[in-house]
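Chemist: What follows is the file data_31.cif, containing mmCIF, C-alpha atoms:
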data_upload
loop_
_atom_site.label_atom_id
_atom_site.label_comp_id
_atom_site.auth_asym_id
_atom_site.auth_seq_id
_atom_site.Cartn_x
_atom_site.Cartn_y
_atom_site.Cartn_z
CA MET N 1 -60.82 135.99 27.77
CA ASN N 2 -59.15 132.82 26.43
CA THR N 3 -57.09 131.03 29.14
CA THR N 4 -56.36 127.87 27.16
CA PRO N 5 -52.80 128.85 26.17
CA GLN N 6 -51.98 129.61 29.81
CA ILE N 7 -53.35 126.24 30.96
CA ASP N 8 -51.45 124.45 28.23
CA ALA N 9 -48.23 126.18 29.31
CA ILE N 10 -48.73 125.18 32.95
CA ALA N 11 -49.42 121.57 31.93
CA ALA N 12 -46.33 121.51 29.77
CA PHE N 13 -44.26 122.94 32.63
CA ASP N 14 -45.59 120.24 35.00
CA GLN N 15 -44.70 117.56 32.48
CA VAL N 16 -41.17 118.91 32.23
CA LYS N 17 -40.84 118.94 36.04
CA GLN N 18 -42.04 115.34 36.24
CA ALA N 19 -39.64 114.26 33.52
CA VAL N 20 -36.74 115.99 35.28
CA ALA N 21 -37.64 114.35 38.60
CA ALA N 22 -37.86 110.93 36.96
CA LEU N 23 -34.51 111.40 35.29
CA ARG N 24 -32.90 112.54 38.53
CA HIS N 25 -34.28 109.50 40.31
CA GLU N 26 -33.01 107.20 37.59
CA TYR N 27 -29.63 108.93 37.64
CA ARG N 28 -29.39 108.51 41.42
CA GLN N 29 -30.30 104.84 41.14
CA ALA N 30 -27.67 104.35 38.45
CA GLY N 31 -25.08 106.04 40.67
CA GLU N 32 -25.97 103.77 43.56
CA ALA N 33 -25.69 100.74 41.26
CA VAL N 34 -22.27 101.91 40.07
CA ALA N 35 -21.04 102.36 43.63
CA LYS N 36 -22.28 98.91 44.65
CA LEU N 37 -20.71 97.26 41.62
CA GLU N 38 -17.38 98.97 42.27
CA ALA N 39 -17.49 97.86 45.90
CA ASP N 40 -18.38 94.30 44.91
CA MET N 41 -15.62 94.23 42.31
CA ALA N 42 -13.10 95.40 44.89
CA THR N 43 -14.31 92.92 47.50
CA LEU N 44 -14.62 89.77 45.40
CA PRO N 45 -10.90 89.30 44.66
CA GLN N 46 -10.18 89.58 48.38
CA MET N 47 -12.36 86.59 49.22
CA ARG N 48 -10.67 83.28 50.05
CA ALA N 49 -10.15 80.85 47.22
CA PRO N 50 -12.33 77.71 47.34
CA PHE N 51 -10.47 74.50 48.19
CA ASP N 52 -10.83 72.88 44.76
CA ASP N 53 -9.77 76.07 43.02
CA MET N 54 -6.83 76.35 45.41
CA LYS N 55 -5.65 72.91 44.31
CA ARG N 56 -6.14 73.77 40.64
CA GLY N 57 -4.25 77.01 41.13
CA ILE N 58 -1.28 75.25 42.69
CA VAL N 59 -1.08 72.87 39.74
CA GLU N 60 -1.31 75.81 37.34
CA LEU N 61 1.44 77.55 39.32
CA ILE N 62 3.76 74.64 38.63
CA ASP N 63 3.25 75.15 34.91
CA THR N 64 3.40 78.94 34.83
CA ALA N 65 6.22 79.34 37.35
CA GLY N 66 8.05 76.49 35.67
CA GLN N 67 7.68 78.18 32.30
CA ARG N 68 9.04 81.44 33.69
CA TYR N 69 11.99 79.62 35.25
CA THR N 70 12.51 77.73 32.01
CA ASP N 71 12.58 80.93 29.95
CA ASP N 72 14.79 82.81 32.42
CA HIS N 73 17.25 80.07 33.43
CA ILE N 74 17.02 76.65 31.76
CA LYS N 75 16.78 77.80 28.14
CA PRO N 76 19.79 80.17 28.47
CA ALA N 77 21.74 77.36 30.20
CA LEU N 78 20.97 74.98 27.33
CA MET N 79 22.07 77.63 24.85
CA ARG N 80 25.34 78.20 26.75
CA PHE N 81 25.96 74.45 26.86
CA ALA N 82 25.34 74.00 23.12
CA THR N 83 27.43 77.01 22.05
CA ASN N 84 30.68 76.56 24.03
CA GLY N 85 29.62 78.94 26.77
CA MET N 86 29.86 76.72 29.85
CA GLY N 87 32.08 77.36 32.84
CA SER N 88 33.97 80.32 34.23
CA ILE N 89 36.86 79.61 31.87
CA SER N 90 35.43 80.58 28.51
CA ARG N 91 36.29 78.74 25.32
CA SER N 92 38.32 80.41 22.62
CA ASN N 93 36.70 83.33 20.88
CA GLU N 94 36.74 81.31 17.67
CA GLU N 95 34.54 78.61 19.24
CA SER N 96 32.34 80.87 21.36
CA GLY N 97 28.77 81.00 20.09
CA LYS N 98 29.20 78.05 17.74
CA PRO N 99 27.62 74.61 18.23
CA LEU N 100 29.70 72.00 20.05
CA THR N 101 31.71 69.68 17.86
CA LEU N 102 30.85 65.99 17.83
CA ALA N 103 33.89 65.26 20.00
CA ALA N 104 32.93 67.94 22.53
CA LEU N 105 29.32 66.75 22.73
CA ASP N 106 30.39 63.14 23.19
CA GLY N 107 32.93 64.21 25.80
CA ALA N 108 30.18 65.92 27.77
CA VAL N 109 27.91 62.87 27.53
CA SER N 110 30.68 60.39 28.39
CA GLY N 111 32.00 62.53 31.24
CA SER N 112 35.45 63.31 29.87
CA ARG N 113 34.90 66.96 28.98
CA PHE N 114 34.53 69.57 31.70
CA PRO N 115 32.71 71.67 32.68
CA GLU N 116 30.08 70.43 30.20
CA ALA N 117 29.99 66.96 31.80
CA ARG N 118 28.75 68.61 35.01
CA ALA N 119 26.37 70.97 33.27
CA GLN N 120 24.03 72.77 35.68
CA LEU N 121 21.03 72.92 33.35
CA VAL N 122 18.26 73.02 35.97
CA HIS N 123 19.91 75.27 38.59
CA PRO N 124 22.48 77.15 36.48
CA ASP N 125 22.70 80.15 38.81
CA LYS N 126 22.42 78.34 42.15
CA SER N 127 25.68 76.69 43.17
CA GLN N 128 24.19 75.16 46.33
CA PHE N 129 22.22 72.71 44.17
CA ASP N 130 23.93 69.78 42.47
CA ASP N 131 22.02 69.02 39.29
CA LEU N 132 23.70 65.61 38.97
CA VAL N 133 21.82 64.46 42.07
CA PHE N 134 18.65 65.93 40.60
CA TYR N 135 19.26 64.10 37.32
CA ALA N 136 19.74 60.82 39.20
CA LEU N 137 16.59 61.14 41.30
CA CYS N 138 14.26 62.84 38.84
CA ALA N 139 15.72 61.86 35.48
CA ASP N 140 12.40 61.20 33.74
CA ALA N 141 10.82 64.44 34.94
CA VAL N 142 13.92 66.45 34.05
CA LYS N 143 14.15 64.88 30.60
CA ALA N 144 10.46 65.52 29.94
CA ALA N 145 10.84 69.16 30.95
CA LEU N 146 13.97 69.63 28.86
CA VAL N 147 12.33 68.01 25.84
CA ARG N 148 9.53 70.58 26.07
CA VAL N 149 12.12 73.36 26.15
CA LEU N 150 14.16 71.89 23.32
CA ASP N 151 11.07 71.54 21.14
CA ASN N 152 10.77 75.33 21.14
CA ILE N 153 14.44 76.20 20.67
CA THR N 154 15.48 77.29 17.19
CA PRO N 155 18.74 76.32 15.44
CA GLU N 156 19.76 79.99 15.58
CA GLU N 157 19.53 79.97 19.37
CA PHE N 158 22.06 77.13 19.39
CA GLY N 159 24.44 79.05 17.12
CA TYR N 160 23.89 77.09 13.90
CA ASN N 161 23.56 80.31 11.95
CA THR N 162 27.24 81.00 12.72
CA VAL N 163 28.58 77.96 10.85
CA HIS N 164 28.33 76.83 7.24
CA PRO N 165 26.03 73.83 6.70
CA ASP N 166 28.91 71.72 5.43
CA LYS N 167 30.58 72.11 8.83
CA ILE N 168 27.72 70.29 10.54
CA GLY N 169 28.46 66.60 10.99
CA PRO N 170 26.30 63.49 11.28
CA THR N 171 24.71 62.23 14.46
CA ARG N 172 27.01 60.84 17.12
CA ALA N 173 25.74 57.32 16.39
CA GLU N 174 26.55 57.79 12.71
CA MET N 175 29.92 59.26 13.66
CA PHE N 176 30.81 56.24 15.79
CA ARG N 177 29.79 53.85 13.01
CA GLN N 178 31.91 55.78 10.54
CA LEU N 179 34.88 55.91 12.91
CA ASP N 180 34.62 52.17 13.51
CA GLN N 181 34.53 51.51 9.78
CA TRP N 182 37.53 53.75 9.21
CA GLN N 183 39.40 52.07 12.08
CA GLN N 184 38.87 48.68 10.47
CA GLN N 185 40.15 50.02 7.16
CA LEU N 186 43.12 51.63 8.94
CA ASP N 187 44.00 48.39 10.73
CA ALA N 188 43.80 46.50 7.44
CA HIS N 189 46.10 48.99 5.72
CA LYS N 190 48.59 48.85 8.60
CA ALA N 191 48.57 45.07 8.54
CA ARG N 192 49.14 45.08 4.79
CA ARG N 193 52.02 47.56 5.15
CA ALA N 194 53.61 45.37 7.82
CA ASP N 195 53.26 42.34 5.56
CA ILE N 196 54.84 44.18 2.65
CA ARG N 197 57.63 45.50 4.88
CA SER N 198 58.35 41.93 5.98
CA GLN N 199 58.42 40.70 2.42
CA LEU N 200 60.77 43.52 1.42
CA ALA N 201 63.05 42.76 4.36
CA GLN N 202 63.29 39.18 3.17
CA LEU N 203 64.47 40.63 -0.11
CA GLY N 204 67.06 42.78 1.67
CA VAL N 205 65.15 46.03 1.32
CA ASN N 206 64.46 48.07 4.44
CA VAL N 207 61.68 50.65 4.46
CA ALA N 208 60.64 53.04 7.18
#
Please rewrite the model in this file as structure tokens.
Modeler:
Amino acid sequence: MNTTPQIDAIAAFDQVKQAVAALRHEYRQAGEAVAKLEADMATLPQMRAPFDDMKRGIVELIDTAGQRYTDDHIKPALMRFATNGMGSISRSNEESGKPLTLAALDGAVSGSRFPEARAQLVHPDKSQFDDLVFYALCADAVKAALVRVLDNITPEEFGYNTVHPDKIGPTRAEMFRQLDQWQQQLDAHKARRADIRSQLAQLGVNVA
């Protein structure tokens, strides 16, 4: 009687059992590794931040929190300032949303136009803060921050898409030079008219 096939079958069965046991062991080990990793991943973020990283994080907070505040408050305030949107008393509908005129911008800078001259650009929604004091004490820091904001503002956000290009004037410095030149010409013309009027009067001719 040939028992070789039976022996071969038993050997094959034992090999299968061993393979199954090995796989189960490996599977259990993998499960334990997964559980440990999940526990470690949950625990690590709850550890205390190292001192140096704490300091770095605080500095980073200034940038990120400042950027959020800039996007949410300062940039909209700059846009309202530039497009006739300042103050509780709104400008005329015709001017609303359009860039300030040269006269309006200069009035804000010189202090003769309100409420723009007291523009709350840093704390626009917090009346308990007076930005003018902040400007006086931290002018360089405020200007540096505003320059960063202004570098990323588009002409459209300041309302320039609402006006024809030929309605946009020169710089204020150029405007003042032009006005001064025109004033000199005007004074010369007035002086000449007065001289002519005097000459005519000597001839018995009166002119208005």
Chemist: Could you list the residues chosen by the PyMOL selection byres ((chain N and resi 82) around 7) in this structure as a list in words?
Modeler: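 After applying the PyMOL selection byres ((chain N and resi 82) around 7), what remains is Leu78, Met79, Arg80, Phe81, Thr83, Asn84, Pro99, Leu100 and Phe158 of chain N.
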Chemist: Can I get the selection written as a CSV table (one decimal), in the coordinates of the input, with C-alpha atoms?
Modeler:
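Writing the result to selection-v1.csv gives the following:
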chain,number,residue,atom,x,y,z
N,78,LEU,CA,21.0,75.0,27.3
N,79,MET,CA,22.1,77.6,24.8
N,80,ARG,CA,25.3,78.2,26.8
N,81,PHE,CA,26.0,74.4,26.9
N,83,THR,CA,27.4,77.0,22.0
N,84,ASN,CA,30.7,76.6,24.0
N,99,PRO,CA,27.6,74.6,18.2
N,100,LEU,CA,29.7,72.0,20.0
N,158,PHE,CA,22.1,77.1,19.4
Chemist: Taking (33.4, 64.0, 10.3) in the file's own coordinates, collect the residues within 10 Å, counting all atoms listed in the file, and hand them back as a list in words.
Modeler: Thr101, Leu102, Ala103, Lys167, Ile168, Gly169, Pro170, Thr171, Arg172, Glu174, Met175, Phe176, Gln178 and Leu179 of chain N
Chemist: Skip N:Ala208 itself and residues of its chain fewer than 6 positions away, then list as a compact mmCIF listing (two decimals) with C-alpha atoms, in the coordinates of the input all residues within 12 Å of it, counting all atoms listed in the file.
Modeler:
# COMPACT_ATOMS: atom_id res chain seq x y z
CA ARG N 193 52.02 47.56 5.15
CA ALA N 194 53.61 45.37 7.82
CA ILE N 196 54.84 44.18 2.65
CA ARG N 197 57.63 45.50 4.88
CA SER N 198 58.35 41.93 5.98
CA LEU N 200 60.77 43.52 1.42
CA ALA N 201 63.05 42.76 4.36
Chemist: What residues come out when you apply the PyMOL selection byres ((chain N and resi 64-72) around 10) to this file, written as an NGL selection string?
Modeler: :N and (58-63 or 73-77 or 121-123 or 145-146 or 148-149)
Chemist: Deliver the residues from the most recent selection as a file, using C-alpha atoms, as a PDB file, in the frame of the given file.
Modeler:
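Heads up, here's the output in again_12.pdb:
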ATOM      1  CA  ILE N  58      -1.280  75.250  42.690  1.00  0.00           C
ATOM      2  CA  VAL N  59      -1.080  72.870  39.740  1.00  0.00           C
ATOM      3  CA  GLU N  60      -1.310  75.810  37.340  1.00  0.00           C
ATOM      4  CA  LEU N  61       1.440  77.550  39.320  1.00  0.00           C
ATOM      5  CA  ILE N  62       3.760  74.640  38.630  1.00  0.00           C
ATOM      6  CA  ASP N  63       3.250  75.150  34.910  1.00  0.00           C
ATOM      7  CA  HIS N  73      17.250  80.070  33.430  1.00  0.00           C
ATOM      8  CA  ILE N  74      17.020  76.650  31.760  1.00  0.00           C
ATOM      9  CA  LYS N  75      16.780  77.800  28.140  1.00  0.00           C
ATOM     10  CA  PRO N  76      19.790  80.170  28.470  1.00  0.00           C
ATOM     11  CA  ALA N  77      21.740  77.360  30.200  1.00  0.00           C
ATOM     12  CA  LEU N 121      21.030  72.920  33.350  1.00  0.00           C
ATOM     13  CA  VAL N 122      18.260  73.020  35.970  1.00  0.00           C
ATOM     14  CA  HIS N 123      19.910  75.270  38.590  1.00  0.00           C
ATOM     15  CA  ALA N 145      10.840  69.160  30.950  1.00  0.00           C
ATOM     16  CA  LEU N 146      13.970  69.630  28.860  1.00  0.00           C
ATOM     17  CA  ARG N 148       9.530  70.580  26.070  1.00  0.00           C
ATOM     18  CA  VAL N 149      12.120  73.360  26.150  1.00  0.00           C
TER      19      VAL N 149
END
Chemist: For the atom pair atom CA of N:Val163 and atom CA of N:Gly97, what is the interatomic distance in Å to one decimal place?
Modeler: 9.7 Å
Chemist: From the set N:Ala173, N:Arg56, N:Val147, N:Pro165, which residue has the shortest atom-to-atom contact distance to N:Asp106, counting all atoms listed in the file?
Modeler: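 Of N:Ala173, N:Arg56, N:Val147, N:Pro165, the one nearest N:Asp106 is N:Ala173, counting all atoms listed in the file.
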Chemist: Do you have the atom CA of N:Phe114-atom CA of N:Gln183 distance handy?
Modeler: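 Between these atoms lies a distance of 26.7 Å.
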Chemist: Pick from N:Gly31, N:Pro50, N:Pro155, N:Pro115: nearest to N:Gly85, with only C-alpha atoms counted?
Modeler: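 Going through N:Gly31, N:Pro50, N:Pro155, N:Pro115 one by one, the smallest distance to N:Gly85 is for N:Pro115.
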Chemist: Let me have the centre and edge lengths of the axis-aligned box enclosing all listed atoms of stretch 163-175 of chain N with 6 Å padding on every side, in Å to one decimal, as JSON.
Modeler:
{"center_x": 27.6, "center_y": 67.6, "center_z": 11.3, "size_x": 17.9, "size_y": 32.6, "size_z": 23.7}
